[in-house]
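Shown next, in structure tokens, is the structure this report addresses.
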Amino acid sequence: MQQPKPAEPKPTYRDDYQPPAYRVRQAQLTFELDPVATRVKAKLQFERAAQAEADTPLELDGEQLELKAIAIDGQPLRAEEYAVSATGLTVHNPPARFCLETEVQIAPRENTALEGLYLSNGIYCTQCEAEGFRRITYFPDRPDVMTTFTTTVIGDATRLPILLANGNPVERGELPGGRHFVTWEDPFPKPSYLFALVAGDLEKVEDSFTTASGRQVTLQIWVEQENLGKTAHAMASLKRAMRWDEETYGREYDLDLFMIVAVNDFNMGAMENKGLNIFNSAAVLTHPDTATDATFQQVESIVAHEYFHNWSGNRVTCRDWFQLSLKEGFTVFRDQCFSADVNSAAVKRIEDVAFLRTAQFAEDSGPTAHPVRPEHYIEITNFYTLTIYEKGAEVVRMLCNLVGWEAFRRGSDLYFERFDGQAVTIEDFVGCMAEASGQDLTQFMLWYSQAGTPEIDANGEYDYANAAYHLTLRQRTPVTPDRPNKQPLHIPVRLGLVSTKSGRDLPLTLKGESLGTDGVIHLREAEQTFTFTDVTEAPVPSLLRGFSAPVQLRFPYGREDLAFLLANDSDGFNRWDAGQRLALLALDDLIAAHRNVVEKVMDSRLVDAFRALLEHGDDDKAVLAEMLMLPSEAYIAEQQPLIDVEAIHAARKFVEQSLAVMLRDDFLRVYLENVSDAPYAPESEQIAQRSLKNVALSYLMAIEDEQGIELARQQFAAEHNMTDVRHALTLLVHSSRDDLAAPALRAFGEKWAHDTLVMDQWFAIQVMRPQADALERVKYLMTHPAFSLRNPNKVRALIGTFVNRNSINFHRADGEGYRLLADVVIELNRLNPEIAARLVTPLTRWQRFDELHQRLMRSELERIRAEELSPNVYEVVSKALL
Ligand code: B3K
Ligand code: ZN
């Protein structure tokens, strides 16, 4: 018999926003920690808002709480004076000003969703954004209710020697029964989502920072004892970020203490709780032996990101969760600029754009596409997306470029001053930019309300008679589930016209006005023609330099044009992009050849272009390494009308192997030139050198060249640093030679069995194997003692990597890859709905595949939908099956 399905969860709409009827003037919390019976006492001073009627009930959010006591102004409430439901607490007819006291019981050990208060490896910690605080106590759990918090944490003195919360410690002492307490006071009013508490057996490294105005701030990173040696890079990154925010945005830190805590079980990367950032240990711990260059750079950027939130997010926060990109888009933009300033700016831009174009563009063309500011949601946790974060950051970047840095900085100062201590909207932010620059940003606001990646079709025509170049741009934003009709956007297109004679940029004159040699034109209509005058020769246009807008731009480039731009463009980003475009054209032919079962022929222009790169080198080795990398399978897939994973894999492999065969000696030379035994440092020059060397090694291993194999083995065995070891291990494990793969994998697994973060890499490397047994290996590794479905890092490393990074095996024609994913999603739906809803993403993209795969993917989605679902998974799966 079919079970009746639970009622469908109801969406929340942006248009329904109402200001809160009651504000909290002060909150006092007391926690008596216990794994299954934590007691939370809350003393909340409420005040009715002027606009609310006298008989307005007080509505508080609360989930999975056991109410033990409730009183107003010291008087316990009678049963008829309040009501408790599965989602909250209602107090009927409260006075205009009153103190509400509640006591609830919660069970941190049972909390597998990792929202609210939970236990991670014996450490109590919290995650409250977006709506986790309601699993801690009854409260108006919405970002526009800001208050000061005083928090007393009580726990066993032996097991929980360290008790932390937001702000400054003001009192501590012993209690009967071997317990102790610490009271923390946070003087800055904040919404409940920024509340944090940590308790456990932790140790710290401490440092200090003197702010521009001369205040001394204590910096602490709290970790489990064995990780004390892995904190130096995070601490150095924090100090760099603090200085950068002072110098770039004029923003100083405001408390006397800034703490970071590392925990193993965490749904995201990290969380910006006021004064007490909680981090996924993967986003904070580094050591040359255990972390790669990529991890060092991620840690730097995440530490900075969370720190920057202290202003963009905490001091000025969001009025409601529809405004999420107000803090996330702006803060990602800030962390991207920081990383660009302290590392290779060109590579940072290339990596960010590659990620955006692969992952965010896919999201924006799928069933869960939504605007940067959504209009409705069922579960807000599902909206911590690439669109809110990465596209949101691109929108802020365009704003900055449109008004210019100086006006942008004035607008940012205005925003922080005017709205300090308030919960505001995207209009407030853009309004400050308009005010500071005097520009009209009305049309620009459409970037926040229209989903979908805009497409620009560009065409150029050289007019010999008039020495003019006519550039015609047509824009179109595709239909997305949220709305069919799109208006033209305001799109800044940075460009140059490159002389084919000199390789230099020609002067740009538009309507008699000089734009220099690298200018910005503003596309505002559906179609516009821009006529550049005094163009003395037929140029090659270099369009959308620096990726000046998050769009898909098409131009009928010939392959010679692309090879020319790859060699000559003055814009580093567009040089790289020309190479990607050239490779994509070659790949398109090969994908077609594979599908039509005809012989594959390598495009000699691509070989020549790569040869030139290898021979001439580049001032920036990191950029050179990027230019030598072929587009990823995921990016190639994104460019295809219909995704054929086999053909994509075969075509890419063919290009890689052809280049390796034809340029073997160049790759070998580049490898040998860039070997170094200097002590490891995560600094730009070394990182660039390692990445160039490792790209060269990848090509040599693509043809399993004897010398290449020997170099990979040596690099693995030398154990010089994790970047080199991991890269060599990956190449050995992904080779066709089991005699190379098996011993290396075993040695690595045994050596690092004690280190959970390194084991994540060990899992990930194996499940990316192109060999046909990858799926069986995933199943086998799910039974490995180091694996656990309850740890999000493990789920991401094993399952996430397999379904997102091993296309040919995930999309197996027998549907077993889909079945495995659905099984895991069904189990995680009960344990951790946030992670389950994220993991299911690849199945939601079924429309991009052929009929056979569509049917198999849909049937697994339907199998999931038949379960009793969390709102999280329900929302994603039901959109995907519409
Ligand atoms: N603001 C957090 C997001 C946490 C949400 C988890 N459901 C991380 C960040 O963007 O900094
Ligand atoms: Zn953030």
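Each chain in the structure tokens gets a letter, A, B and so on, in the order shown; residues start at 1 in every chain, and ligands are counted from 1 in the order they appear.
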
Compile a residue-level contact table for chain A against ligand 1 at a cut-off of 10 Å, reporting for every qualifying residue the shortest atom pair and its distance in Å to one decimal, with only C-alpha atoms and all ligand atoms counted, rows ordered by chain and ascending number, as a Markdown table.
```
| residue | atom | partner | partner_atom_place_in_ligand_line | distance |
| --- | --- | --- | --- | --- |
| A:Leu114 | CA | ligand 1 | 7 (N) | 9.4 |
| A:Glu115 | CA | ligand 1 | 7 (N) | 7.7 |
| A:Gln127 | CA | ligand 1 | 6 (C) | 7.3 |
| A:Cys128 | CA | ligand 1 | 6 (C) | 7.6 |
| A:Glu129 | CA | ligand 1 | 5 (C) | 4.9 |
| A:Ala130 | CA | ligand 1 | 7 (N) | 5.6 |
| A:Glu131 | CA | ligand 1 | 7 (N) | 8.0 |
| A:Gly132 | CA | ligand 1 | 7 (N) | 8.3 |
| A:Tyr193 | CA | ligand 1 | 1 (N) | 9.1 |
| A:Leu194 | CA | ligand 1 | 1 (N) | 9.0 |
| A:Phe266 | CA | ligand 1 | 6 (C) | 9.1 |
| A:Asn267 | CA | ligand 1 | 6 (C) | 6.7 |
| A:Met268 | CA | ligand 1 | 6 (C) | 6.0 |
| A:Gly269 | CA | ligand 1 | 8 (C) | 6.5 |
| A:Ala270 | CA | ligand 1 | 8 (C) | 5.3 |
| A:Met271 | CA | ligand 1 | 8 (C) | 4.5 |
| A:Glu272 | CA | ligand 1 | 11 (O) | 5.7 |
| A:Asn273 | CA | ligand 1 | 1 (N) | 8.5 |
| A:Asn277 | CA | ligand 1 | 11 (O) | 9.4 |
| A:Ile278 | CA | ligand 1 | 8 (C) | 9.6 |
| A:Phe279 | CA | ligand 1 | 8 (C) | 9.2 |
| A:Ile302 | CA | ligand 1 | 11 (O) | 7.6 |
| A:Val303 | CA | ligand 1 | 11 (O) | 9.2 |
| A:Ala304 | CA | ligand 1 | 11 (O) | 9.6 |
| A:His305 | CA | ligand 1 | 11 (O) | 6.3 |
| A:Glu306 | CA | ligand 1 | 11 (O) | 5.2 |
| A:Tyr307 | CA | ligand 1 | 11 (O) | 8.8 |
| A:Phe308 | CA | ligand 1 | 11 (O) | 9.1 |
| A:His309 | CA | ligand 1 | 11 (O) | 7.2 |
| A:Gly313 | CA | ligand 1 | 1 (N) | 8.5 |
| A:Leu324 | CA | ligand 1 | 1 (N) | 8.9 |
| A:Ser325 | CA | ligand 1 | 10 (O) | 9.6 |
| A:Lys327 | CA | ligand 1 | 10 (O) | 8.3 |
| A:Glu328 | CA | ligand 1 | 10 (O) | 5.9 |
| A:Gly329 | CA | ligand 1 | 10 (O) | 9.1 |
| A:Thr331 | CA | ligand 1 | 10 (O) | 8.1 |
| A:Val332 | CA | ligand 1 | 10 (O) | 8.1 |
| A:Ile380 | CA | ligand 1 | 7 (N) | 8.0 |
| A:Thr381 | CA | ligand 1 | 7 (N) | 5.0 |
| A:Asn382 | CA | ligand 1 | 7 (N) | 8.0 |
| A:Phe383 | CA | ligand 1 | 7 (N) | 8.6 |
| A:Tyr384 | CA | ligand 1 | 5 (C) | 6.5 |
| A:Thr385 | CA | ligand 1 | 10 (O) | 9.9 |
| A:Ile388 | CA | ligand 1 | 10 (O) | 9.9 |
| A:Tyr389 | CA | ligand 1 | 10 (O) | 7.8 |
| A:Glu834 | CA | ligand 1 | 7 (N) | 7.4 |
| A:Ile835 | CA | ligand 1 | 7 (N) | 9.6 |
```

TODO: Can you list, as a VMD selection string, all residues belonging to range 23-178 of chain A that DSSP tags as strand (DSSP E or B)?
DONE: chain A and resid 23 to 32 38 to 48 58 to 61 66 to 72 75 to 76 82 to 84 88 to 91 97 to 106 116 to 120 123 to 127 139 146 to 156 162 to 165 168 to 175

Within 7 Å of range 773-777 of chain A, counting only C-alpha atoms, which residues qualify if same-chain residues fewer than 5 places away don't, as a compact mmCIF listing (two decimals) with N, CA, C and O atoms, in the first residue's frame?
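And here's around16.txt as it stands now:
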```txt
# COMPACT_ATOMS: atom_id res chain seq x y z
N VAL A 767 38.59 7.62 -7.30
CA VAL A 767 37.27 7.55 -7.93
C VAL A 767 37.19 8.42 -9.18
O VAL A 767 36.18 8.41 -9.87
N ASN A 809 32.18 7.29 -16.28
CA ASN A 809 31.72 6.21 -15.41
C ASN A 809 30.41 6.52 -14.70
O ASN A 809 29.59 5.64 -14.49
N GLY A 817 25.60 4.15 -12.31
CA GLY A 817 26.13 5.36 -11.67
C GLY A 817 24.99 6.18 -11.07
O GLY A 817 25.08 6.67 -9.94
```

Give one line per residue of range 549-623 of chain A that approaches range 690-705 of chain A to at most 12 Å, naming the two atoms of the closest pair and their distance in Å to one decimal, counting only C-alpha atoms; sort by chain then ascending residue number and deliver it as CSV.
```
residue,atom,partner,partner_atom,distance
A:Phe610,CA,A:Ala696,CA,11.8
A:Leu613,CA,A:Leu692,CA,11.9
A:Leu614,CA,A:Ala696,CA,9.8
A:Gly617,CA,A:Leu692,CA,10.4
A:Asp618,CA,A:Leu692,CA,10.9
A:Asp620,CA,A:Leu692,CA,10.1
A:Lys621,CA,A:Leu692,CA,6.4
A:Ala622,CA,A:Leu692,CA,6.6
A:Val623,CA,A:Leu692,CA,8.8
```

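Nearest to ligand 2 of all the residues A:Ala212, A:Val36, A:Leu386, A:Ala362 is A:Leu386, based on only C-alpha atoms and all ligand atoms.
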
Task: Spatial neighbours of Leu566 in chain A, 6 Å, only C-alpha atoms, chain gap at least 6 places, as a ChimeraX atom specification - done: /A:575,578-579

Open item on the list: Quick check, in Å to one decimal: how far apart do CA of Lys779 in chain A and CA of Tyr818 in chain A lie?
Closed with: 12.8 Å

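Residues in contact with Glu53 in chain A at 12 Å, where only C-alpha atoms are counted and same-chain residues fewer than 6 positions away are skipped, are listed as A:Pro20, A:Ala21, A:Tyr22, A:Asn93, A:Pro94, A:Pro95, A:Ala96.
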
For those residues, write all heavy atoms to a file as a CSV table (one decimal), in the first residue's frame.
```csv
chain,number,residue,atom,x,y,z
A,20,PRO,N,9.5,42.9,11.2
A,20,PRO,CA,9.1,42.1,12.4
A,20,PRO,C,8.2,42.9,13.3
A,20,PRO,O,8.3,44.1,13.4
A,20,PRO,CB,10.4,41.9,13.1
A,20,PRO,CG,11.4,42.8,12.5
A,20,PRO,CD,10.9,43.2,11.2
A,21,ALA,N,7.2,42.2,13.9
A,21,ALA,CA,6.3,42.8,14.8
A,21,ALA,C,6.9,43.1,16.2
A,21,ALA,O,6.5,44.0,16.9
A,21,ALA,CB,5.0,42.0,15.0
A,22,TYR,N,7.9,42.3,16.6
A,22,TYR,CA,8.6,42.4,17.8
A,22,TYR,C,10.1,42.4,17.6
A,22,TYR,O,10.6,41.6,16.8
A,22,TYR,CB,8.2,41.3,18.8
A,22,TYR,CG,6.8,41.4,19.3
A,22,TYR,CD1,5.8,40.8,18.6
A,22,TYR,CD2,6.5,42.1,20.5
A,22,TYR,CE1,4.5,40.8,19.0
A,22,TYR,CE2,5.1,42.2,20.9
A,22,TYR,CZ,4.1,41.6,20.1
A,22,TYR,OH,2.8,41.6,20.6
A,93,ASN,N,-1.2,37.6,22.9
A,93,ASN,CA,-1.4,38.8,23.7
A,93,ASN,C,-0.3,39.2,24.6
A,93,ASN,O,-0.6,39.5,25.8
A,93,ASN,CB,-2.7,38.6,24.5
A,93,ASN,CG,-3.9,39.1,23.7
A,93,ASN,OD1,-3.8,40.2,23.1
A,93,ASN,ND2,-4.9,38.3,23.6
A,94,PRO,N,0.9,39.3,24.2
A,94,PRO,CA,2.0,39.7,25.1
A,94,PRO,C,1.9,41.2,25.3
A,94,PRO,O,1.3,41.9,24.5
A,94,PRO,CB,3.2,39.3,24.3
A,94,PRO,CG,2.9,39.4,22.9
A,94,PRO,CD,1.4,39.1,22.8
A,95,PRO,N,2.5,41.7,26.4
A,95,PRO,CA,2.6,43.1,26.6
A,95,PRO,C,3.5,43.8,25.6
A,95,PRO,O,4.1,43.1,24.8
A,95,PRO,CB,3.1,43.3,28.0
A,95,PRO,CG,3.6,42.0,28.4
A,95,PRO,CD,3.1,40.9,27.5
A,96,ALA,N,3.5,45.1,25.6
A,96,ALA,CA,4.3,45.9,24.6
A,96,ALA,C,5.8,45.7,24.8
A,96,ALA,O,6.6,45.7,23.9
A,96,ALA,CB,3.9,47.4,24.6
```

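Note that the spacing between CA of Ala294 in chain A and CA of Leu731 in chain A amounts to 17.1 Å.
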
TODO: Skip Ala592 in chain A itself and residues of its chain fewer than 5 positions away, then list as a count of residues only all residues within 9 Å of it, counting only C-alpha atoms.
DONE: 5

Within 8 Å of Leu745 in chain A using only C-alpha atoms, minus same-chain residues under 3 positions, as a PDB file with C-alpha atoms, in the first residue's frame:
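Contents of selection_24.pdb, as written:
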```
ATOM      1  CA  LEU A 729      50.039   9.853  -7.681  1.00  0.00           C
ATOM      2  CA  VAL A 733      46.712   5.865 -10.595  1.00  0.00           C
ATOM      3  CA  ALA A 741      48.773   2.393  -9.774  1.00  0.00           C
ATOM      4  CA  ALA A 742      48.405  -0.243  -7.094  1.00  0.00           C
ATOM      5  CA  PHE A 748      50.080   6.573   0.085  1.00  0.00           C
ATOM      6  CA  GLY A 749      47.058   5.096   1.871  1.00  0.00           C
ATOM      7  CA  TRP A 762      43.240   9.447  -1.508  1.00  0.00           C
TER       8      TRP A 762
END
```

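The two atoms in question, CA of Leu508 in chain A and CA of Val535 in chain A, are spaced 7.7 Å apart.
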